[in-house]
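Visitor: This is the content of protein-v5.txt (compact mmCIF, C-alpha atoms):
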# COMPACT_ATOMS: atom_id res chain seq x y z
CA MET U 1 0.00 0.00 0.00
CA LYS U 2 2.82 2.42 0.88
CA THR U 3 4.43 1.81 -2.52
CA ILE U 4 1.18 2.54 -4.35
CA VAL U 5 0.64 5.75 -2.37
CA THR U 6 4.22 6.82 -3.01
CA LEU U 7 3.86 6.15 -6.75
CA ALA U 8 0.56 8.04 -6.92
CA CYS U 9 2.13 11.03 -5.19
CA LEU U 10 5.05 10.98 -7.58
CA ILE U 11 2.76 10.82 -10.59
CA LEU U 12 0.92 13.90 -9.36
CA SER U 13 4.13 15.74 -8.49
CA PHE U 14 6.32 15.45 -11.57
CA GLY U 15 5.94 16.75 -15.12
CA TYR U 16 6.56 15.18 -18.52
CA GLY U 17 9.66 13.12 -19.09
CA GLY U 18 8.77 10.61 -21.70
CA LEU U 19 10.41 7.18 -21.69
CA ALA U 20 8.83 4.64 -24.05
CA ILE U 21 8.72 1.02 -22.88
CA SER U 22 6.07 -0.51 -25.10
CA GLN U 23 3.96 0.46 -28.10
CA GLY U 24 0.45 -0.47 -29.14
CA LEU U 25 -0.74 -1.73 -25.73
CA PRO U 26 -4.06 -0.68 -24.19
CA ASP U 27 -3.70 2.40 -22.01
CA ASP U 28 -4.32 0.64 -18.70
CA VAL U 29 -1.83 -2.13 -19.49
CA SER U 30 0.78 0.37 -20.67
CA VAL U 31 0.44 2.51 -17.51
CA ASP U 32 0.70 -0.57 -15.29
CA GLN U 33 3.88 -1.52 -17.13
CA TYR U 34 5.42 1.90 -16.52
CA LEU U 35 4.48 1.80 -12.84
CA LEU U 36 5.97 -1.68 -12.44
CA GLU U 37 9.22 -0.55 -14.03
CA ALA U 38 9.24 2.57 -11.85
CA THR U 39 8.83 0.40 -8.75
CA LYS U 40 11.80 -1.69 -9.80
CA ALA U 41 13.84 1.45 -10.44
CA ILE U 42 13.03 2.80 -6.95
CA GLU U 43 14.02 -0.51 -5.39
CA ASN U 44 17.31 -0.37 -7.33
CA GLY U 45 17.95 3.19 -6.22
CA ASP U 46 17.66 4.62 -9.75
CA THR U 47 15.57 7.67 -8.85
CA GLN U 48 16.10 9.48 -12.15
CA ARG U 49 14.80 6.56 -14.20
CA ALA U 50 11.87 6.15 -11.80
CA LEU U 51 10.91 9.79 -12.22
CA LYS U 52 10.98 9.51 -16.02
CA LEU U 53 8.85 6.39 -15.93
CA LEU U 54 6.34 7.97 -13.57
CA SER U 55 6.17 11.13 -15.67
CA THR U 56 5.46 9.09 -18.78
CA ALA U 57 2.79 7.11 -16.93
CA ARG U 58 1.18 10.39 -15.92
CA SER U 59 1.18 11.57 -19.53
CA LYS U 60 -0.43 8.35 -20.67
CA LEU U 61 -3.11 8.63 -18.00
CA LYS U 62 -3.92 12.14 -19.20
CA GLU U 63 -4.07 10.98 -22.82
CA SER U 64 -6.27 8.04 -21.85
CA ASP U 65 -8.67 10.39 -20.02
CA ARG U 66 -8.76 12.70 -23.03
CA ARG U 67 -9.61 9.85 -25.41
CA GLN U 68 -12.29 8.49 -23.09
CA ALA U 69 -13.86 11.93 -22.78
CA ALA U 70 -13.86 12.34 -26.56
CA ALA U 71 -15.53 8.95 -26.96
CA GLN U 72 -18.40 9.89 -24.64
CA PRO U 73 -21.48 11.67 -25.98
CA GLN U 74 -20.91 15.39 -25.64
CA PRO U 75 -23.39 17.49 -23.66
CA ALA U 76 -26.27 18.89 -25.64
CA LYS U 77 -25.73 22.38 -27.00
CA ASP U 78 -26.76 25.36 -24.88
CA LYS U 79 -30.36 25.47 -23.81
CA ALA U 80 -31.31 28.46 -25.97
CA PHE U 81 -30.10 26.72 -29.11
CA LEU U 82 -31.76 23.45 -28.15
CA GLN U 83 -35.08 25.18 -27.50
CA LYS U 84 -34.85 26.94 -30.86
CA VAL U 85 -34.26 23.65 -32.68
CA LEU U 86 -37.12 21.92 -30.85
CA LYS U 87 -39.46 24.84 -31.52
CA ASN U 88 -38.63 24.64 -35.23
CA LEU U 89 -39.27 20.91 -35.19
CA LYS U 90 -42.79 21.41 -33.88
CA LYS U 91 -43.48 23.88 -36.70
CA GLN U 92 -42.16 21.41 -39.25
CA MET U 93 -44.65 18.65 -38.53
CA VAL U 94 -47.23 18.36 -41.33
CA ARG U 95 -50.78 17.21 -40.67
CA ALA U 96 -51.86 14.31 -42.86
CA ARG U 97 -55.62 13.97 -42.77
CA GLY U 98 -56.69 10.35 -42.68
CA GLY U 99 -58.17 8.42 -45.54
CA THR U 100 -58.22 5.20 -47.49
CA PHE U 101 -55.61 4.28 -50.11
CA ARG U 102 -54.35 1.32 -52.08
CA MET U 103 -50.98 0.25 -50.70
CA GLY U 104 -48.37 -1.63 -52.70
CA CYS U 105 -47.28 -1.75 -56.33
CA THR U 106 -50.18 0.08 -57.95
CA GLY U 107 -50.78 0.96 -61.59
CA GLU U 108 -48.64 4.10 -61.79
CA GLN U 109 -45.45 2.22 -60.89
CA ARG U 110 -43.19 1.14 -63.73
CA HIS U 111 -41.31 -1.45 -61.68
CA CYS U 112 -42.93 -3.90 -59.27
CA PHE U 113 -41.29 -6.21 -56.74
CA THR U 114 -42.87 -9.28 -55.15
CA ASP U 115 -42.70 -7.86 -51.61
CA GLU U 116 -44.90 -4.95 -52.74
CA LYS U 117 -47.83 -7.33 -53.36
CA PRO U 118 -50.68 -7.96 -52.97
CA VAL U 119 -52.02 -4.45 -53.36
CA HIS U 120 -54.47 -3.92 -50.50
CA GLN U 121 -56.72 -1.19 -49.15
CA VAL U 122 -55.66 0.55 -45.94
CA GLN U 123 -57.51 3.04 -43.76
CA VAL U 124 -55.17 5.58 -42.14
CA ASN U 125 -56.16 7.89 -39.29
CA ASP U 126 -55.05 11.51 -39.00
CA PHE U 127 -51.38 11.86 -38.01
CA GLU U 128 -48.44 14.23 -38.36
CA ILE U 129 -45.27 13.57 -40.32
CA GLY U 130 -42.03 15.51 -40.53
CA LYS U 131 -41.80 17.96 -43.39
CA TYR U 132 -38.10 17.07 -43.56
CA GLU U 133 -35.90 14.12 -42.75
CA VAL U 134 -34.32 14.49 -39.30
CA THR U 135 -31.25 16.68 -39.76
CA GLN U 136 -27.77 16.44 -38.33
CA GLU U 137 -28.50 19.65 -36.42
CA LEU U 138 -31.53 18.20 -34.67
CA TRP U 139 -29.82 14.90 -33.88
CA GLU U 140 -26.74 16.63 -32.44
CA ALA U 141 -28.82 19.09 -30.41
CA VAL U 142 -30.62 16.18 -28.74
CA MET U 143 -27.84 13.58 -28.56
CA GLY U 144 -24.74 15.75 -28.21
CA LYS U 145 -22.86 14.16 -31.10
CA ASN U 146 -23.19 13.65 -34.84
CA PRO U 147 -22.66 10.11 -36.19
CA SER U 148 -23.08 11.06 -39.86
CA GLY U 149 -20.61 10.15 -42.56
CA PHE U 150 -21.34 13.36 -44.48
CA LYS U 151 -20.50 15.85 -41.73
CA ASN U 152 -20.25 19.65 -41.76
CA CYS U 153 -23.75 19.91 -43.17
CA ALA U 154 -26.15 20.79 -40.35
CA GLN U 155 -29.22 20.72 -42.58
CA CYS U 156 -28.35 17.45 -44.30
CA PRO U 157 -30.21 14.38 -43.06
CA VAL U 158 -28.52 12.55 -40.23
CA GLU U 159 -27.34 9.10 -41.30
CA ARG U 160 -25.36 6.20 -39.91
CA VAL U 161 -28.15 5.82 -37.37
CA SER U 162 -29.57 2.36 -36.78
CA TRP U 163 -33.19 1.61 -35.96
CA ASN U 164 -32.03 0.96 -32.41
CA ASP U 165 -30.22 4.31 -32.32
CA VAL U 166 -33.44 6.01 -33.39
CA GLN U 167 -35.31 4.48 -30.46
CA THR U 168 -32.78 6.05 -28.07
CA PHE U 169 -33.11 9.38 -29.85
CA LEU U 170 -36.91 9.25 -29.59
CA LYS U 171 -36.80 8.65 -25.84
CA LYS U 172 -34.51 11.65 -25.32
CA LEU U 173 -36.49 13.85 -27.69
CA ASN U 174 -39.78 13.03 -26.02
CA ALA U 175 -38.30 13.62 -22.57
CA LEU U 176 -37.15 17.07 -23.72
CA THR U 177 -40.39 18.06 -25.44
CA GLY U 178 -43.11 16.22 -23.52
CA GLU U 179 -44.39 15.05 -26.92
CA GLN U 180 -44.77 11.54 -28.33
CA TYR U 181 -42.70 11.63 -31.50
CA ARG U 182 -42.18 8.24 -33.15
CA LEU U 183 -41.32 6.60 -36.43
CA PRO U 184 -44.11 6.46 -38.99
CA THR U 185 -45.70 3.13 -39.68
CA GLU U 186 -45.05 1.73 -43.13
CA ALA U 187 -48.65 2.44 -44.14
CA GLU U 188 -48.48 6.03 -42.86
CA TRP U 189 -45.20 6.57 -44.65
CA GLU U 190 -46.56 5.37 -48.01
CA TYR U 191 -49.83 7.25 -47.57
CA ALA U 192 -47.89 10.48 -46.95
CA ALA U 193 -45.45 9.82 -49.81
CA ARG U 194 -48.38 9.39 -52.20
CA GLY U 195 -49.80 12.73 -51.09
CA GLY U 196 -52.52 11.53 -48.73
CA ARG U 197 -55.96 12.91 -49.59
CA LYS U 198 -54.31 15.32 -52.04
CA SER U 199 -52.66 12.55 -54.05
CA LYS U 200 -52.36 13.09 -57.80
CA GLY U 201 -51.22 9.53 -58.42
CA TYR U 202 -47.58 10.31 -59.11
CA GLN U 203 -45.03 7.55 -59.49
CA TYR U 204 -42.59 9.30 -57.17
CA ALA U 205 -43.26 11.38 -54.05
CA GLY U 206 -44.55 14.59 -55.62
CA SER U 207 -43.89 14.19 -59.35
CA GLN U 208 -43.60 11.97 -62.37
CA THR U 209 -40.21 13.61 -62.95
CA LEU U 210 -37.70 12.12 -60.54
CA ASP U 211 -35.10 14.91 -60.76
CA ALA U 212 -37.71 17.40 -59.59
CA VAL U 213 -38.17 15.71 -56.22
CA ALA U 214 -35.21 13.45 -55.49
CA TRP U 215 -31.48 13.25 -54.87
CA TYR U 216 -30.49 9.86 -56.28
CA PHE U 217 -27.73 8.06 -58.19
CA ASP U 218 -27.85 10.26 -61.29
CA ASN U 219 -27.77 13.70 -59.64
CA SER U 220 -26.54 13.39 -56.03
CA GLY U 221 -22.80 13.57 -56.62
CA ASP U 222 -22.48 10.55 -54.31
CA LYS U 223 -23.56 12.38 -51.17
CA THR U 224 -26.54 13.60 -49.19
CA HIS U 225 -27.92 17.12 -49.65
CA PRO U 226 -29.59 19.63 -47.33
CA VAL U 227 -33.24 18.78 -46.80
CA GLY U 228 -35.96 20.68 -48.61
CA GLN U 229 -34.01 21.68 -51.73
CA LYS U 230 -36.18 19.71 -54.13
CA GLN U 231 -39.88 20.11 -54.89
CA PRO U 232 -42.27 18.95 -52.12
CA ASN U 233 -45.06 16.48 -52.65
CA GLU U 234 -48.78 17.23 -52.51
CA LEU U 235 -48.73 17.43 -48.69
CA GLY U 236 -45.77 19.79 -48.63
CA VAL U 237 -43.36 17.06 -47.50
CA TYR U 238 -39.82 16.93 -48.90
CA ASP U 239 -37.36 14.19 -49.88
CA MET U 240 -39.67 11.21 -49.53
CA SER U 241 -38.00 9.99 -52.70
CA GLY U 242 -34.21 9.91 -52.41
CA ASN U 243 -31.58 11.57 -50.20
CA VAL U 244 -31.60 8.83 -47.52
CA TRP U 245 -33.62 5.69 -46.93
CA GLU U 246 -35.97 6.17 -43.98
CA TRP U 247 -36.64 3.75 -41.15
CA VAL U 248 -40.25 2.88 -40.39
CA GLU U 249 -41.67 1.21 -37.29
CA ASP U 250 -42.78 -2.09 -38.82
CA CYS U 251 -41.18 -5.50 -38.50
CA TRP U 252 -40.30 -6.99 -41.88
CA ASN U 253 -42.56 -9.29 -43.86
CA LYS U 254 -41.87 -10.49 -47.42
CA GLY U 255 -45.11 -9.27 -48.90
CA TYR U 256 -48.42 -7.89 -47.71
CA ALA U 257 -50.34 -11.11 -47.05
CA GLY U 258 -51.87 -10.59 -43.60
CA ALA U 259 -50.75 -6.97 -43.31
CA PRO U 260 -52.71 -4.60 -41.02
CA ASN U 261 -55.36 -2.63 -42.89
CA ASP U 262 -55.81 0.08 -40.25
CA GLY U 263 -52.54 1.95 -40.76
CA SER U 264 -50.89 0.50 -37.66
CA ALA U 265 -47.37 -0.92 -37.53
CA TRP U 266 -46.93 -4.59 -38.38
CA GLN U 267 -45.54 -5.98 -35.12
CA SER U 268 -45.21 -9.59 -36.22
CA GLY U 269 -42.75 -11.06 -38.68
CA ASP U 270 -38.98 -10.68 -38.47
CA CYS U 271 -38.46 -7.89 -35.94
CA SER U 272 -34.66 -8.17 -36.06
CA VAL U 273 -35.01 -6.27 -39.33
CA ARG U 274 -37.26 -3.30 -40.02
CA GLY U 275 -38.71 -1.58 -43.05
CA LEU U 276 -36.93 1.10 -45.07
CA ARG U 277 -38.69 3.45 -47.46
CA GLY U 278 -37.93 6.10 -50.06
CA GLY U 279 -34.59 5.19 -51.61
CA SER U 280 -31.41 7.22 -51.27
CA TRP U 281 -28.65 9.28 -52.86
CA PHE U 282 -26.86 6.27 -54.33
CA ILE U 283 -29.71 4.23 -55.78
CA GLY U 284 -31.66 4.12 -59.04
CA PRO U 285 -35.20 5.15 -60.05
CA GLU U 286 -36.97 1.83 -59.53
CA HIS U 287 -36.23 2.04 -55.80
CA LEU U 288 -37.55 5.59 -55.40
CA GLN U 289 -41.20 4.94 -56.22
CA SER U 290 -43.66 5.67 -53.45
CA GLY U 291 -44.72 2.02 -53.20
CA HIS U 292 -41.21 0.58 -53.03
CA ARG U 293 -39.97 -1.02 -49.83
CA ASP U 294 -36.71 -2.39 -48.52
CA VAL U 295 -35.30 -3.77 -45.26
CA GLY U 296 -32.40 -3.26 -42.87
CA ASP U 297 -31.01 -4.93 -39.76
CA VAL U 298 -31.99 -2.99 -36.62
CA GLY U 299 -28.31 -2.46 -35.78
CA ASN U 300 -27.15 -1.28 -39.21
CA GLN U 301 -25.44 2.13 -39.34
CA VAL U 302 -24.78 3.21 -42.92
CA ASP U 303 -24.42 6.58 -44.64
CA TYR U 304 -27.50 6.19 -46.81
CA VAL U 305 -30.08 5.50 -44.07
CA GLY U 306 -31.80 8.10 -41.88
CA PHE U 307 -35.40 8.72 -40.82
CA ARG U 308 -38.21 11.22 -40.34
CA LEU U 309 -40.58 11.69 -37.44
CA ALA U 310 -44.29 11.09 -37.03
CA ARG U 311 -46.75 11.85 -34.27
CA THR U 312 -50.20 10.51 -33.44
CA LEU U 313 -52.98 13.09 -33.32
CA THR U 314 -55.46 12.66 -30.50
CA PRO U 315 -59.12 13.56 -31.15
Let me see the file written as structure tokens.
Guide:
Amino acid sequence: MKTIVTLACLILSFGYGGLAISQGLPDDVSVDQYLLEATKAIENGDTQRALKLLSTARSKLKESDRRQAAAQPQPAKDKAFLQKVLKNLKKQMVRARGGTFRMGCTGEQRHCFTDEKPVHQVQVNDFEIGKYEVTQELWEAVMGKNPSGFKNCAQCPVERVSWNDVQTFLKKLNALTGEQYRLPTEAEWEYAARGGRKSKGYQYAGSQTLDAVAWYFDNSGDKTHPVGQKQPNELGVYDMSGNVWEWVEDCWNKGYAGAPNDGSAWQSGDCSVRGLRGGSWFIGPEHLQSGHRDVGDVGNQVDYVGFRLARTLTP
């Protein structure tokens, strides 16, 4: 015990010396090695070597603390900024009045996939959906860090967020706002992408001309773009075709046999994977149709997947 106390005091008392013993070891192992060698040096009466070893151990402890601090989620930005971002979010939720629609690969689509069948009628209740995909700014304001691959673009959609990550974000967001934000169900997402009650039957979300509404393989320059730069759809919602794929709440099922017809999330099937909608910046036209669907593992974090928010409206 006396030796440990003596070594601790020496570490706190002396400055940098720098004497390398080993390279590439974990910080805790490396520091232990320096302290062991310093103990031996003290026992051998080599005070100068002991001091150098202890100084280097101290430096490594400081560096280890710095790296650990950097790896931890940073505190949310100042309260005024956070409140501003959250206030803007509330203004950016679009009301989608409920209605009935045909879900799946309907007549206006040029490309159909088997998991988009059978086409079936769904009744959706009133709900709200985000005008924009969740941005890097909003994510960082709530979570204190930005996981995105395409950084330095506050108004670009956040990406490299898994479905599981989104659940953590939603808990924090709802704790901050007192609201009940959530992911849209797959039916809600498609209903909104098609324009809800205002639908004009477009192939893509807001147009028959893909370039008018979407960032995709042909025009994205291999990256995401700030939200809201393209033309909105009939509901005034942006980027539901392209930019990033968007997580939905539903568990995955290979087709619509037995799917809910009330707009709710499908909670049976393979829940280790969840639905993705809308296509992204690196994919072609057939995947950007409003009825197209894809799937991702709940832990996947990739730079072409993000999400948008929804909220239930109470009568």
Visitor: Taking into account only C-alpha atoms, which residue in the set U:Met103, U:Val305, U:Cys156, U:Ala257 is nearest to Gly196 (chain U)?
Guide: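 Answer, going by the shortest atom-to-atom distance: U:Met103.
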Visitor: Hey, which bits of region 108-150 of chain U sit within 12 Å of region 234-256 of chain U, and for each residue what's the closest pair of atoms and how far apart in Å (one decimal), counting only C-alpha atoms, rows by chain and increasing number, as CSV?
Guide:
residue,atom,partner,partner_atom,distance
U:Cys112,CA,U:Gly255,CA,11.9
U:Phe113,CA,U:Gly255,CA,9.2
U:Thr114,CA,U:Gly255,CA,6.6
U:Asp115,CA,U:Gly255,CA,3.9
U:Glu116,CA,U:Gly255,CA,5.8
U:Lys117,CA,U:Gly255,CA,5.6
U:Pro118,CA,U:Tyr256,CA,5.7
U:Val119,CA,U:Tyr256,CA,7.5
U:His120,CA,U:Tyr256,CA,7.8
U:Gln121,CA,U:Tyr256,CA,10.8
U:Val122,CA,U:Tyr256,CA,11.3
U:Glu128,CA,U:Leu235,CA,10.8
U:Ile129,CA,U:Val237,CA,8.2
U:Gly130,CA,U:Val237,CA,7.3
U:Lys131,CA,U:Val237,CA,4.5
U:Tyr132,CA,U:Tyr238,CA,5.6
U:Glu133,CA,U:Asp239,CA,7.3
U:Val134,CA,U:Glu246,CA,9.7
U:Thr135,CA,U:Val244,CA,11.0
U:Ser148,CA,U:Val244,CA,11.7
U:Phe150,CA,U:Val244,CA,11.6
Visitor: Please report, as AutoDock Vina command-line options, the centre and edge lengths in Å to one decimal of an axis-aligned box covering all listed atoms of region 43-56 of chain U with 6 Å per side.
Guide:
--center_x 11.7 --center_y 5.3 --center_z -12.1 --size_x 24.5 --size_y 23.6 --size_z 25.4
Visitor: Rounded to one decimal place, report the CA of Glu190 (chain U)-CA of Gln301 (chain U) distance in Å.
Guide: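 Going from CA of Glu190 (chain U) over to CA of Gln301 (chain U) covers 23.1 Å.
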Visitor: Go ahead and compute the interatomic distance for CA of Ala212 (chain U) and CA of Gly228 (chain U), in Å to one decimal.
Guide: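 Atom-to-atom, CA of Ala212 (chain U) and CA of Gly228 (chain U) are spaced 11.6 Å apart.
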Visitor: Quick one: distance from CA of Gly144 (chain U) to CA of Gly299 (chain U) in Å, one decimal?
Guide: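 A separation of 20.0 Å between them.
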Visitor: Residues at most 10 Å from Ala154 (chain U), counting all atoms listed in the file, excluding those fewer than 3 positions away in the same chain, as a PDB file with C-alpha atoms, in the frame of the given file?
Guide:
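The resulting file, result-v7.pdb, is reproduced below:
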ATOM      1  CA  THR U 135     -31.250  16.680 -39.760  1.00  0.00           C
ATOM      2  CA  GLN U 136     -27.770  16.440 -38.330  1.00  0.00           C
ATOM      3  CA  GLU U 137     -28.500  19.650 -36.420  1.00  0.00           C
ATOM      4  CA  LEU U 138     -31.530  18.200 -34.670  1.00  0.00           C
ATOM      5  CA  TRP U 139     -29.820  14.900 -33.880  1.00  0.00           C
ATOM      6  CA  GLU U 140     -26.740  16.630 -32.440  1.00  0.00           C
ATOM      7  CA  ASN U 146     -23.190  13.650 -34.840  1.00  0.00           C
ATOM      8  CA  PHE U 150     -21.340  13.360 -44.480  1.00  0.00           C
ATOM      9  CA  LYS U 151     -20.500  15.850 -41.730  1.00  0.00           C
ATOM     10  CA  PRO U 157     -30.210  14.380 -43.060  1.00  0.00           C
ATOM     11  CA  VAL U 158     -28.520  12.550 -40.230  1.00  0.00           C
ATOM     12  CA  PRO U 226     -29.590  19.630 -47.330  1.00  0.00           C
ATOM     13  CA  VAL U 227     -33.240  18.780 -46.800  1.00  0.00           C
TER      14      VAL U 227
END
Visitor: Skip Leu170 (chain U) itself and residues of its chain fewer than 3 positions away, then list as a PDB file with C-alpha atoms, keeping the file's coordinate frame all residues within 12 Å of it, counting all atoms listed in the file.
Guide:
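Contents of the output file out.pdb:
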ATOM      1  CA  VAL U 134     -34.320  14.490 -39.300  1.00  0.00           C
ATOM      2  CA  LEU U 138     -31.530  18.200 -34.670  1.00  0.00           C
ATOM      3  CA  TRP U 139     -29.820  14.900 -33.880  1.00  0.00           C
ATOM      4  CA  VAL U 142     -30.620  16.180 -28.740  1.00  0.00           C
ATOM      5  CA  MET U 143     -27.840  13.580 -28.560  1.00  0.00           C
ATOM      6  CA  TRP U 163     -33.190   1.610 -35.960  1.00  0.00           C
ATOM      7  CA  ASN U 164     -32.030   0.960 -32.410  1.00  0.00           C
ATOM      8  CA  ASP U 165     -30.220   4.310 -32.320  1.00  0.00           C
ATOM      9  CA  VAL U 166     -33.440   6.010 -33.390  1.00  0.00           C
ATOM     10  CA  GLN U 167     -35.310   4.480 -30.460  1.00  0.00           C
ATOM     11  CA  LEU U 173     -36.490  13.850 -27.690  1.00  0.00           C
ATOM     12  CA  ASN U 174     -39.780  13.030 -26.020  1.00  0.00           C
ATOM     13  CA  ALA U 175     -38.300  13.620 -22.570  1.00  0.00           C
ATOM     14  CA  LEU U 176     -37.150  17.070 -23.720  1.00  0.00           C
ATOM     15  CA  THR U 177     -40.390  18.060 -25.440  1.00  0.00           C
ATOM     16  CA  GLY U 178     -43.110  16.220 -23.520  1.00  0.00           C
ATOM     17  CA  GLU U 179     -44.390  15.050 -26.920  1.00  0.00           C
ATOM     18  CA  GLN U 180     -44.770  11.540 -28.330  1.00  0.00           C
ATOM     19  CA  TYR U 181     -42.700  11.630 -31.500  1.00  0.00           C
ATOM     20  CA  ARG U 182     -42.180   8.240 -33.150  1.00  0.00           C
ATOM     21  CA  LEU U 183     -41.320   6.600 -36.430  1.00  0.00           C
ATOM     22  CA  PHE U 307     -35.400   8.720 -40.820  1.00  0.00           C
ATOM     23  CA  ARG U 308     -38.210  11.220 -40.340  1.00  0.00           C
ATOM     24  CA  LEU U 309     -40.580  11.690 -37.440  1.00  0.00           C
ATOM     25  CA  ALA U 310     -44.290  11.090 -37.030  1.00  0.00           C
ATOM     26  CA  ARG U 311     -46.750  11.850 -34.270  1.00  0.00           C
TER      27      ARG U 311
END
Visitor: Return the single residue from U:Leu288, U:Glu37, U:Tyr204, U:Arg197 that is closest to Arg49 (chain U), with distances computed using all atoms listed in the file.
Guide: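 Among U:Leu288, U:Glu37, U:Tyr204, U:Arg197, it is U:Glu37 that comes nearest to Arg49 (chain U).
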